[in-house]
Number of protein chains: 2
Amino acid sequence: MKKNIKIATIGGGTGSFTILSGLKNYPVELSAIVSMADDGGSTGVLRDELGVLPPGDARQCLVALSESSQVLRELFNYRYTKGGLKGHNFGNIFLSTLEKITGGFDSAVENASQILRIKGNVIPVTLKNTKLIAVLKSGKKIIGQHNIDEADISNLKKLKLEPRAEANPKAIFAIKNADKIVINPGNLFCSITPNFLVKGIADAVRKSTAKKIYICNLMTKLGHTHNLSVVGHLNELEKQIGKNVIDYLIFNKEKPDENLLKKYSKKGEYLVDYKNLKSGLKTKFIGGNLLSNKIFKQAKNDAIKRALIRHDSGKIAKIIYEL
Amino acid sequence: MKKNIKIATIGGGTGSFTILSGLKNYPVELSAIVSMADDGGSTGVLRDELGVLPPGDARQCLVALSESSQVLRELFNYRYTKGGLKGHNFGNIFLSTLEKITGGFDSAVENASQILRIKGNVIPVTLKNTKLIAVLKSGKKIIGQHNIDEADISNLKKLKLEPRAEANPKAIFAIKNADKIVINPGNLFCSITPNFLVKGIADAVRKSTAKKIYICNLMTKLGHTHNLSVVGHLNELEKQIGKNVIDYLIFNKEKPDENLLKKYSKKGEYLVDYKNLKSGLKTKFIGGNLLSNKIFKQAKNDAIKRALIRHDSGKIAKIIYEL
């Protein structure tokens, strides 16, 4: 029998959800390595109040890979709209409470994986309670992922984690054993980069013999990736993982609906430009019409703004699988 | 193959938990009919804020009958000690959120039953959103189970539900089909009686050909069952279900630890007296040493006071099974 290929993805919440939702329909062994820098919204409140690790991004990966009932998956994504629970997400509460009972986020994710009957593994990139810090060229420090997300960091000097965090050994193992490594789309500096700030991750990716695939974001973000082209995104990623590491960069060429684009442009967000793809590197650029036709809406009482223009998970998964 | 006997229990939360925990170890088919009048603590907050039916008592029955992992059962009983979730119970939040998603408390209990892999069925006595009302002889009305629980109702005229509630057809079915009906111990006027105020329940019990067994409380409650003996408890129950209905009354003869008794007496609560058991009725009185040796502690941040002197679930179950 042909062995299933092993795919390790690296990312945050929403972007990983999209990629994993597509990949789980293929005969692959999935390991979803997920950022642990989140401190906004329901996740931030739980971190502060219960002293737990951030559940939000892991929760989205768990739901993506779940093969349990629709009800259970809805339950994990349920967000309260009133009362003392307002703004909280049930799945986050679930993971945080499991962490309190089992004594570890790792075992919380394992227990939740069983309950949600997930296909594959969700792996927190680190099990250290750490914060993302942005140091600007002015010397100013911005503390915490949520604050950085909302700040203008266009004069960013460096990002770091405080305290320093070592990789979850399971994440290193998954990267070492992968046939393909996929770096998911997502908030470049707040959700993707924090994975590579964890000691051991970038090094493991560099040394891996897997095909390394980067799924570039669809839209720019003001004060973060403003004016960054596809190559610009790659350059930023390479600052973390090194040059000549990415084998394939998958980018979108499709134009979204004008009305949606207008909504984004009001916030200073634009389609990522894909002209001038020459980079002189080994990276192969694979462009396609990759947008989802589904209409996404901002959920009520979700303190975090989430993307409405999204990748089509099926199209992306097909490209990744066939590479 | 010998058919398992069918047992339907009727009660509230803590008392039902004890009885069901014992019975589930026997080859029986269990239906746990559970009161829906609770409006205190975490349950009360969820009712008010989310507009759901009371999850607390059903949750305790679900955990009692669960054959899932220790972690999952602990999770369902987990109570938060700080932050915005303080005082809430995870299992209650779980059931209430399932109710919001599935659109009904009945389907919430069914889904939770699958997740918790329960042995038997948990059946809300009614699916109507209703409140317990106590009318005192003075004409004063006390509204809500929690308020009644804390009030002096020694001059009680009547208890009722507002609005009137019809029985869950599943509860009627379970009573009709039972070989044995067990009325669990518990807060007599706040947790046990409310079941019989639901239209159709008392009648179904009366008409049933099952053996009817009543597990009398261990301790009296000031302003409620103060000075009520074993026969006094039976008399109060008979006001709801009629005379000559109970076949067996199981009561405790064992004396608890003096220190525990002192704790109770400070609150005006005493051992239920079992002298003068002549009642001239068909009821057989079965006394025994029925106390649990386990030491129970009041959980931190549980707004509801729960019994520390409790029945031994194994001893009670053995008696019920062998009757």
# chains A, B, ... in the order shown; residues from 1 in each chain; ligands from 1
call {"tool": "interface_residues", "arguments": {"of": "chain B", "to": "chain A", "cutoff": "7 Å", "atoms": "only C-alpha atoms", "output": "MDAnalysis selection string"}}
result
chainID B and resid 49:50 75 82:84 97:98 101
call {"tool": "select_by_dssp", "arguments": {"residues": "segment 185-251 of chain B", "states": "alpha helix (DSSP H)", "output": "ChimeraX atom specification"}}
result
/B:193-197,201-207,230-241
call {"tool": "calpha_fit_rmsd", "arguments": {"fixed": "chain B", "moving": "chain A"}}
result
0.0 Å
call {"tool": "residues_around", "arguments": {"residues": "segment 171-177 of chain A", "least_positions_apart": "3", "cutoff": "12 Å", "atoms": "only C-alpha atoms", "output": "tab-separated table (two decimals) with N, CA and C atoms, in the first residue's frame"}}
result
chain	number	residue	atom	x	y	z
A	5	ILE	N	1.40	10.72	2.27
A	5	ILE	CA	2.47	11.69	2.49
A	5	ILE	C	2.19	12.48	3.76
A	6	LYS	N	3.30	12.91	4.38
A	6	LYS	CA	3.19	13.64	5.64
A	6	LYS	C	3.33	15.14	5.36
A	7	ILE	N	2.34	15.89	5.81
A	7	ILE	CA	2.38	17.34	5.63
A	7	ILE	C	2.35	18.02	6.99
A	8	ALA	N	3.33	18.90	7.20
A	8	ALA	CA	3.31	19.74	8.41
A	8	ALA	C	2.98	21.16	7.98
A	9	THR	N	1.94	21.74	8.59
A	9	THR	CA	1.64	23.14	8.31
A	9	THR	C	2.07	23.99	9.49
A	10	ILE	N	2.42	25.23	9.19
A	10	ILE	CA	2.84	26.17	10.24
A	10	ILE	C	2.04	27.45	10.06
A	29	GLU	N	-1.10	12.64	5.97
A	29	GLU	CA	-0.98	12.70	7.43
A	29	GLU	C	-0.65	14.13	7.82
A	30	LEU	N	-1.55	14.76	8.56
A	30	LEU	CA	-1.41	16.18	8.83
A	30	LEU	C	-0.90	16.47	10.24
A	31	SER	N	0.06	17.39	10.31
A	31	SER	CA	0.47	17.95	11.60
A	31	SER	C	0.32	19.46	11.49
A	32	ALA	N	-0.56	20.02	12.30
A	32	ALA	CA	-0.81	21.46	12.25
A	32	ALA	C	-0.05	22.13	13.40
A	33	ILE	N	1.08	22.72	13.07
A	33	ILE	CA	1.86	23.45	14.08
A	33	ILE	C	1.28	24.85	14.17
A	34	VAL	N	0.97	25.27	15.39
A	34	VAL	CA	0.19	26.49	15.53
A	34	VAL	C	0.85	27.46	16.51
A	35	SER	N	0.78	28.73	16.12
A	35	SER	CA	1.37	29.83	16.91
A	35	SER	C	0.76	29.90	18.31
A	106	ASP	N	-0.76	20.99	26.29
A	106	ASP	CA	-0.51	19.86	25.40
A	106	ASP	C	-1.56	18.76	25.62
A	120	GLY	N	-5.36	13.80	12.09
A	120	GLY	CA	-4.05	14.42	12.20
A	120	GLY	C	-3.77	14.91	13.61
A	121	ASN	N	-2.80	15.81	13.72
A	121	ASN	CA	-2.39	16.33	15.02
A	121	ASN	C	-2.35	17.84	15.01
A	122	VAL	N	-2.78	18.42	16.11
A	122	VAL	CA	-2.58	19.85	16.29
A	122	VAL	C	-1.46	20.01	17.32
A	123	ILE	N	-0.44	20.76	16.95
A	123	ILE	CA	0.76	20.86	17.79
A	123	ILE	C	1.06	22.31	18.13
A	124	PRO	N	0.89	22.70	19.40
A	124	PRO	CA	1.29	24.06	19.81
A	124	PRO	C	2.79	24.21	19.56
A	125	VAL	N	3.20	25.29	18.91
A	125	VAL	CA	4.60	25.44	18.51
A	125	VAL	C	5.53	25.46	19.72
A	126	THR	N	5.00	25.99	20.83
A	126	THR	CA	5.75	25.96	22.09
A	126	THR	C	4.75	25.79	23.22
A	127	LEU	N	5.24	25.31	24.36
A	127	LEU	CA	4.36	25.18	25.53
A	127	LEU	C	4.76	26.19	26.60
A	166	GLU	N	11.28	27.75	23.84
A	166	GLU	CA	11.84	26.61	23.11
A	166	GLU	C	10.71	25.88	22.38
A	167	ALA	N	11.05	25.24	21.32
A	167	ALA	CA	10.04	24.53	20.53
A	167	ALA	C	9.47	23.33	21.28
A	168	ASN	N	8.21	23.07	21.06
A	168	ASN	CA	7.57	21.84	21.48
A	168	ASN	C	8.25	20.71	20.69
A	180	LYS	N	6.20	17.37	3.08
A	180	LYS	CA	5.95	18.74	2.64
A	180	LYS	C	5.72	19.61	3.87
A	181	ILE	N	6.31	20.80	3.85
A	181	ILE	CA	6.05	21.77	4.92
A	181	ILE	C	5.31	22.94	4.29
A	182	VAL	N	4.17	23.28	4.85
A	182	VAL	CA	3.37	24.38	4.31
A	182	VAL	C	3.33	25.52	5.31
A	183	ILE	N	3.75	26.70	4.87
A	183	ILE	CA	3.61	27.88	5.72
A	183	ILE	C	2.32	28.57	5.30
A	195	ASN	N	5.89	31.87	15.01
A	195	ASN	CA	6.29	30.46	15.01
A	195	ASN	C	7.80	30.31	14.86
A	196	PHE	N	8.38	31.19	14.02
A	196	PHE	CA	9.81	31.05	13.71
A	196	PHE	C	10.69	31.75	14.74
A	198	VAL	N	10.27	30.98	17.81
A	198	VAL	CA	10.43	29.92	18.80
A	198	VAL	C	11.71	29.15	18.48
A	199	LYS	N	12.56	29.02	19.47
A	199	LYS	CA	13.89	28.44	19.26
A	199	LYS	C	13.80	27.02	18.71
A	200	GLY	N	14.44	26.81	17.56
A	200	GLY	CA	14.50	25.47	16.98
A	200	GLY	C	13.63	25.27	15.76
A	201	ILE	N	12.60	26.12	15.61
A	201	ILE	CA	11.65	25.91	14.51
A	201	ILE	C	12.26	26.29	13.16
A	202	ALA	N	12.79	27.51	13.05
A	202	ALA	CA	13.35	27.96	11.76
A	202	ALA	C	14.47	27.02	11.33
A	203	ASP	N	15.29	26.65	12.30
A	203	ASP	CA	16.41	25.76	12.03
A	203	ASP	C	15.93	24.40	11.50
A	204	ALA	N	14.90	23.87	12.13
A	204	ALA	CA	14.36	22.58	11.70
A	204	ALA	C	13.80	22.67	10.29
A	205	VAL	N	13.13	23.79	9.98
A	205	VAL	CA	12.57	23.96	8.63
A	205	VAL	C	13.70	24.03	7.61
A	206	ARG	N	14.73	24.81	7.92
A	206	ARG	CA	15.89	24.95	7.01
A	206	ARG	C	16.52	23.60	6.71
A	207	LYS	N	16.70	22.80	7.75
A	207	LYS	CA	17.41	21.53	7.60
A	207	LYS	C	16.56	20.43	6.99
A	208	SER	N	15.27	20.63	6.98
A	208	SER	CA	14.36	19.57	6.50
A	208	SER	C	14.55	19.34	5.00
A	209	THR	N	14.37	18.09	4.58
A	209	THR	CA	14.46	17.75	3.16
A	209	THR	C	13.09	17.84	2.49
A	210	ALA	N	12.08	18.24	3.25
A	210	ALA	CA	10.72	18.34	2.70
A	210	ALA	C	10.64	19.43	1.65
A	211	LYS	N	9.61	19.33	0.79
A	211	LYS	CA	9.29	20.44	-0.09
A	211	LYS	C	8.69	21.53	0.77
A	212	LYS	N	9.23	22.75	0.63
A	212	LYS	CA	8.73	23.84	1.47
A	212	LYS	C	7.87	24.79	0.65
call {"tool": "residues_around", "arguments": {"residues": "Ile250 of chain B", "least_positions_apart": "6", "cutoff": "7 Å", "atoms": "only C-alpha atoms", "output": "list in words"}}
result
Tyr214, Ile215, Cys216, Phe285, Ile286 and Gly287 of chain B
call {"tool": "residues_around", "arguments": {"residues": "Ile142 of chain A", "least_positions_apart": "5", "cutoff": "10 Å", "atoms": "only C-alpha atoms", "output": "ChimeraX atom specification"}}
result
/A:132-136,147-149,151,153,159
call {"tool": "write_last_selection", "arguments": {"atoms": "N, CA and C atoms", "output": "mmCIF file, in the first residue's frame"}}
result
data_model
loop_
_atom_site.group_PDB
_atom_site.id
_atom_site.type_symbol
_atom_site.label_atom_id
_atom_site.label_comp_id
_atom_site.auth_asym_id
_atom_site.auth_seq_id
_atom_site.Cartn_x
_atom_site.Cartn_y
_atom_site.Cartn_z
ATOM 1 N N LEU A 132 4.656 38.148 22.510
ATOM 2 C CA LEU A 132 5.299 38.723 21.335
ATOM 3 C C LEU A 132 5.630 40.193 21.616
ATOM 4 N N ILE A 133 6.848 40.586 21.272
ATOM 5 C CA ILE A 133 7.294 41.970 21.475
ATOM 6 C C ILE A 133 7.774 42.525 20.142
ATOM 7 N N ALA A 134 7.333 43.722 19.816
ATOM 8 C CA ALA A 134 7.845 44.400 18.620
ATOM 9 C C ALA A 134 8.744 45.553 19.066
ATOM 10 N N VAL A 135 9.968 45.576 18.564
ATOM 11 C CA VAL A 135 10.869 46.703 18.836
ATOM 12 C C VAL A 135 10.937 47.538 17.558
ATOM 13 N N LEU A 136 10.553 48.790 17.657
ATOM 14 C CA LEU A 136 10.560 49.667 16.488
ATOM 15 C C LEU A 136 11.927 50.347 16.357
ATOM 16 N N ASN A 147 -1.712 44.101 20.814
ATOM 17 C CA ASN A 147 -1.278 45.503 20.686
ATOM 18 C C ASN A 147 -0.483 45.712 19.405
ATOM 19 N N ILE A 148 0.354 44.757 19.069
ATOM 20 C CA ILE A 148 1.160 44.859 17.844
ATOM 21 C C ILE A 148 0.254 44.826 16.621
ATOM 22 N N ASP A 149 -0.742 43.950 16.680
ATOM 23 C CA ASP A 149 -1.705 43.815 15.586
ATOM 24 C C ASP A 149 -2.339 45.167 15.267
ATOM 25 N N ALA A 151 -1.110 48.181 16.089
ATOM 26 C CA ALA A 151 -0.168 49.309 16.004
ATOM 27 C C ALA A 151 0.392 49.472 14.589
ATOM 28 N N ILE A 153 3.537 49.316 12.720
ATOM 29 C CA ILE A 153 4.897 48.813 12.942
ATOM 30 C C ILE A 153 5.685 48.864 11.631
ATOM 31 N N LEU A 159 11.151 41.615 15.856
ATOM 32 C CA LEU A 159 10.137 40.949 16.671
ATOM 33 C C LEU A 159 10.854 39.930 17.533
#
call {"tool": "atom_distance", "arguments": {"atom1": "atom CA of Asn92 of chain A", "atom2": "atom CA of Thr43 of chain A"}}
result
6.6 Å
call {"tool": "select_by_dssp", "arguments": {"residues": "segment 142-268 of chain A", "states": "strand (DSSP E or B)", "output": "list of chain:residue names"}}
result
A:Ile142, A:Ile143, A:Leu156, A:Lys157, A:Lys158, A:Leu159, A:Lys160, A:Leu161, A:Glu162, A:Glu166, A:Lys180, A:Ile181, A:Val182, A:Ile183, A:Lys199, A:Lys211, A:Lys212, A:Ile213, A:Tyr214, A:Ile215, A:Met219, A:Tyr248, A:Leu249, A:Ile250, A:Phe251, A:Asn252
call {"tool": "write_last_selection", "arguments": {"atoms": "N, CA and C atoms", "output": "compact mmCIF listing (two decimals), in the first residue's frame"}}
result
# COMPACT_ATOMS: atom_id res chain seq x y z
N ILE A 142 6.56 47.51 21.66
CA ILE A 142 5.13 47.23 21.79
C ILE A 142 5.00 45.80 22.31
N ILE A 143 4.27 45.66 23.40
CA ILE A 143 4.21 44.38 24.09
C ILE A 143 2.87 43.69 23.85
N LEU A 156 9.42 48.73 11.83
CA LEU A 156 9.80 47.61 12.70
C LEU A 156 11.29 47.32 12.64
N LYS A 157 11.89 47.19 13.81
CA LYS A 157 13.30 46.79 13.86
C LYS A 157 13.38 45.27 14.03
N LYS A 158 12.74 44.77 15.09
CA LYS A 158 12.69 43.32 15.25
C LYS A 158 11.51 42.86 16.08
N LEU A 159 11.15 41.61 15.86
CA LEU A 159 10.14 40.95 16.67
C LEU A 159 10.85 39.93 17.53
N LYS A 160 10.37 39.76 18.77
CA LYS A 160 10.93 38.69 19.60
C LYS A 160 9.88 38.17 20.57
N LEU A 161 10.20 37.05 21.18
CA LEU A 161 9.33 36.48 22.21
C LEU A 161 9.99 36.69 23.56
N GLU A 162 9.20 37.14 24.53
CA GLU A 162 9.70 37.29 25.90
C GLU A 162 8.75 36.62 26.86
N GLU A 166 11.28 27.75 23.84
CA GLU A 166 11.84 26.61 23.11
C GLU A 166 10.71 25.88 22.38
N LYS A 180 6.20 17.37 3.08
CA LYS A 180 5.95 18.74 2.64
C LYS A 180 5.72 19.61 3.87
N ILE A 181 6.31 20.80 3.85
CA ILE A 181 6.05 21.77 4.92
C ILE A 181 5.31 22.94 4.29
N VAL A 182 4.17 23.28 4.85
CA VAL A 182 3.37 24.38 4.31
C VAL A 182 3.33 25.52 5.31
N ILE A 183 3.75 26.70 4.87
CA ILE A 183 3.61 27.88 5.72
C ILE A 183 2.32 28.57 5.30
N LYS A 199 12.56 29.02 19.47
CA LYS A 199 13.89 28.44 19.26
C LYS A 199 13.80 27.02 18.71
N LYS A 211 9.61 19.33 0.79
CA LYS A 211 9.29 20.44 -0.09
C LYS A 211 8.69 21.53 0.77
N LYS A 212 9.23 22.75 0.63
CA LYS A 212 8.73 23.84 1.47
C LYS A 212 7.87 24.79 0.65
N ILE A 213 6.65 24.94 1.10
CA ILE A 213 5.64 25.67 0.34
C ILE A 213 5.12 26.84 1.16
N TYR A 214 5.10 28.00 0.56
CA TYR A 214 4.57 29.17 1.28
C TYR A 214 3.31 29.66 0.56
N ILE A 215 2.22 29.78 1.31
CA ILE A 215 0.98 30.30 0.74
C ILE A 215 0.92 31.78 1.09
N MET A 219 -4.17 39.84 0.89
CA MET A 219 -4.31 41.28 1.08
C MET A 219 -3.16 41.82 1.94
N TYR A 248 8.35 26.47 -3.16
CA TYR A 248 7.19 26.91 -3.93
C TYR A 248 6.46 28.02 -3.21
N LEU A 249 6.16 29.09 -3.92
CA LEU A 249 5.33 30.14 -3.35
C LEU A 249 4.03 30.17 -4.14
N ILE A 250 2.94 29.96 -3.44
CA ILE A 250 1.62 29.94 -4.08
C ILE A 250 0.96 31.29 -3.85
N PHE A 251 0.58 31.95 -4.95
CA PHE A 251 -0.04 33.27 -4.80
C PHE A 251 -1.30 33.39 -5.65
N ASN A 252 -2.11 34.36 -5.31
CA ASN A 252 -3.40 34.54 -5.97
C ASN A 252 -3.33 35.59 -7.07
call {"tool": "atom_distance", "arguments": {"atom1": "atom CA of Thr193 of chain B", "atom2": "atom CA of Ala37 of chain B"}}
result
9.8 Å
call {"tool": "atom_distance", "arguments": {"atom1": "atom CA of Lys263 of chain B", "atom2": "atom CA of Leu308 of chain B"}}
result
9.7 Å
call {"tool": "residues_around", "arguments": {"residues": "Leu261 of chain A", "least_positions_apart": "3", "cutoff": "12 Å", "atoms": "only C-alpha atoms", "output": "list in words"}}
result
Leu218, Met219, Thr220, Lys255, Pro256, Asp257, Glu258, Tyr264, Ser265, Lys266, Lys267, Gly268, Glu269, Tyr270, Leu271, Val272, Ala307, Leu308 and Ile309 of chain A
call {"tool": "closest_residue", "arguments": {"among": "A:Leu23, A:Ala317, A:Val109, A:Val245", "to": "Lys284 of chain A", "atoms": "only C-alpha atoms"}}
result
A:Val245
call {"tool": "decode", "arguments": {"residues": "segment 131-156 of chain A", "atoms": "C-alpha atoms", "output": "PDB file, in the first residue's frame"}}
result
ATOM      1  CA  LYS A 131       4.598  37.241  24.727  1.00  0.00           C
ATOM      2  CA  LEU A 132       5.299  38.723  21.335  1.00  0.00           C
ATOM      3  CA  ILE A 133       7.294  41.970  21.475  1.00  0.00           C
ATOM      4  CA  ALA A 134       7.845  44.400  18.620  1.00  0.00           C
ATOM      5  CA  VAL A 135      10.869  46.703  18.836  1.00  0.00           C
ATOM      6  CA  LEU A 136      10.560  49.667  16.488  1.00  0.00           C
ATOM      7  CA  LYS A 137      13.477  51.549  14.926  1.00  0.00           C
ATOM      8  CA  SER A 138      12.580  54.464  17.221  1.00  0.00           C
ATOM      9  CA  GLY A 139      13.414  52.208  20.155  1.00  0.00           C
ATOM     10  CA  LYS A 140       9.761  51.960  21.167  1.00  0.00           C
ATOM     11  CA  LYS A 141       8.639  48.534  22.371  1.00  0.00           C
ATOM     12  CA  ILE A 142       5.127  47.228  21.789  1.00  0.00           C
ATOM     13  CA  ILE A 143       4.208  44.375  24.092  1.00  0.00           C
ATOM     14  CA  GLY A 144       1.729  41.672  23.180  1.00  0.00           C
ATOM     15  CA  GLN A 145       0.408  40.314  19.912  1.00  0.00           C
ATOM     16  CA  HIS A 146      -2.918  42.112  20.108  1.00  0.00           C
ATOM     17  CA  ASN A 147      -1.278  45.503  20.686  1.00  0.00           C
ATOM     18  CA  ILE A 148       1.160  44.859  17.844  1.00  0.00           C
ATOM     19  CA  ASP A 149      -1.705  43.815  15.586  1.00  0.00           C
ATOM     20  CA  GLU A 150      -3.340  47.200  16.108  1.00  0.00           C
ATOM     21  CA  ALA A 151      -0.168  49.309  16.004  1.00  0.00           C
ATOM     22  CA  ASP A 152       1.718  50.866  13.084  1.00  0.00           C
ATOM     23  CA  ILE A 153       4.897  48.813  12.942  1.00  0.00           C
ATOM     24  CA  SER A 154       6.044  49.942   9.512  1.00  0.00           C
ATOM     25  CA  ASN A 155       9.332  51.026  11.089  1.00  0.00           C
ATOM     26  CA  LEU A 156       9.796  47.615  12.703  1.00  0.00           C
TER      27      LEU A 156
END
